[in-house]
Amino acid sequence: MTTTTAPAAPVRDRSSRSAQNMRTLRRALRRLPIWIGVTILLVVVLYPQIWMILGSFKSQSEFLSNPALSLPSEWRFDNYVAALTTGNIGINYMNSIIVTIPSVIMIVFIGVAAGYALEIMVWKGRGGVLLYILAGIMVPGQMILVPLFITYFKIGITDSYLPLILTYTAMGLPLTTFLMATYFRSVPRSVFEAATVDGCGPLRSFFVLGIPLMKNAIFTVGTVQFFSVWNDLLIALTFTTRPAMATIQVGLLSLGDEYGSTQYGPLFAAVSLNILVLMTVFILLNKRIMAGMAAGAVKG
């Protein structure tokens with residue numbers, strides 16, 4: 001009589017799959033708190049955004065009587081028209097562009113040049129100069145607004161965009177200079193030494209090597225300064241002498257008084273437009289920002 005035994009391979013396969021499933025389950029359980037935390041953060045961040053966008057399409061009565069996340073009974077695009085026309089948000093946007101672009105260009109160019117001079121060029125006292133520049137980061141901006149306003153008034157430039165541009169440039173330079181010096185520190189010094197041996201002077205080396213090597217860092221610092229200047233309210237409110245010169249943040253602050261009382265539909269429409277611009281800039285420059293942040297984190 002012949003007896004047969006069942007093969008052991010299927011049993012081992014089942015046990016191997018079971019062990020793999022247990023490992024997968026344990027990994028999922030370990031990651032569960034992280035996913036819960038991310039979900040909570042998404043709700044915290046997205047809830048006001050959804051509330052604001054839905055509110056920008058509602059009438060005043062709908063906004064006050066209906067639930068916050070209820071859909072509008074009628075999608076009122078006239079709120080955006082009112083924000084751009086009656087609320088003068090279009091003019092405020094143009095003023096912000098006029099002020100922000102020159103300020104960011106000056107901050108970045110001077111900051112890159114200062115970082116190059118402090119980190120790449122060798123000269124006596126550069127360490128002390130860097131510390132002196134860094135001291136500007138510790139000076140609260142609120143302390144210098146009144147003296148600056150008096151100075152600008154005596155010079156006779158208060159009725160222009162120059163006070164805003166000069167103030168933003170001066171207040172953005174210390175941090176930009178420090179960051180650019182850090183980025184230049186991550187570049188091997190031999191690159192610039194080789195250029196010097198080949199007959200490249202300091203000025204040519206800055207434009208031919210320094211700026212191209214710092215391209216991602218320039219985008220990173222420029223984006224940070226763009227958001228800082230664009231979102232500023234205190235300086236713009238201090239040096240804005242006429243409503244026609246108001247930036248977007250000052251315009252949003254005074255939008256509630258344009259109609260005698262706060263009209264939430266046009267106000268939320270104006271805020272939505274402002275956030276749309278900032279999100280567009282960030283999305284377009286996101287990869288360069290991440291590359292610039294990584295470049296400054298590693299010393300070459």
# chains A, B, ... in the order shown; residues from 1 in each chain; ligands from 1
>>> residues_around(residues="Leu164 (chain A)", least_positions_apart="6", cutoff="10 Å", atoms="only C-alpha atoms", output="mmCIF file with C-alpha atoms, in the first residue's frame")
data_model
loop_
_atom_site.group_PDB
_atom_site.id
_atom_site.type_symbol
_atom_site.label_atom_id
_atom_site.label_comp_id
_atom_site.auth_asym_id
_atom_site.auth_seq_id
_atom_site.Cartn_x
_atom_site.Cartn_y
_atom_site.Cartn_z
ATOM 1 C CA VAL A 99 6.269 98.656 -5.710
ATOM 2 C CA THR A 100 7.104 94.948 -5.430
ATOM 3 C CA SER A 103 12.036 96.292 -4.602
ATOM 4 C CA THR A 158 6.482 111.279 0.230
ATOM 5 C CA VAL A 229 6.866 92.767 0.182
ATOM 6 C CA ILE A 235 5.002 99.930 5.806
ATOM 7 C CA ALA A 236 2.491 100.425 2.986
ATOM 8 C CA LEU A 237 -0.033 101.931 5.398
ATOM 9 C CA THR A 238 2.610 104.278 6.843
ATOM 10 C CA PHE A 239 4.003 105.658 3.579
ATOM 11 C CA THR A 240 0.835 105.632 1.452
#
>>> select_by_dssp(residues="region 131-239 of chain A", states="alpha helix (DSSP H)", output="ChimeraX atom specification")
/A:131-134,141-155,162-185,189-197,202-205,211-213,215-230,234-239
>>> closest_residue(among="A:Ile89, A:Leu145, A:Leu118, A:Ile137", to="Ser254 (chain A)", atoms="only C-alpha atoms")
A:Ile89
>>> closest_residue(among="A:Ser205, A:Ala181, A:Asn92, A:Ile150", to="Leu255 (chain A)", atoms="only C-alpha atoms")
A:Asn92
>>> closest_residue(among="A:Ala28, A:Ser160, A:Arg23, A:Leu267", to="Asn95 (chain A)", atoms="only C-alpha atoms")
A:Ser160
>>> residues_around(residues="region 75-86 of chain A", least_positions_apart="5", cutoff="8 Å", atoms="only C-alpha atoms", output="PyMOL selection string")
chain A and resi 56-59+258+265-267+269-270
>>> atom_distance(atom1="CA of Met138 (chain A)", atom2="CA of Leu175 (chain A)")
10.1 Å
>>> atom_distance(atom1="CA of Leu179 (chain A)", atom2="CA of Val112 (chain A)")
8.9 Å
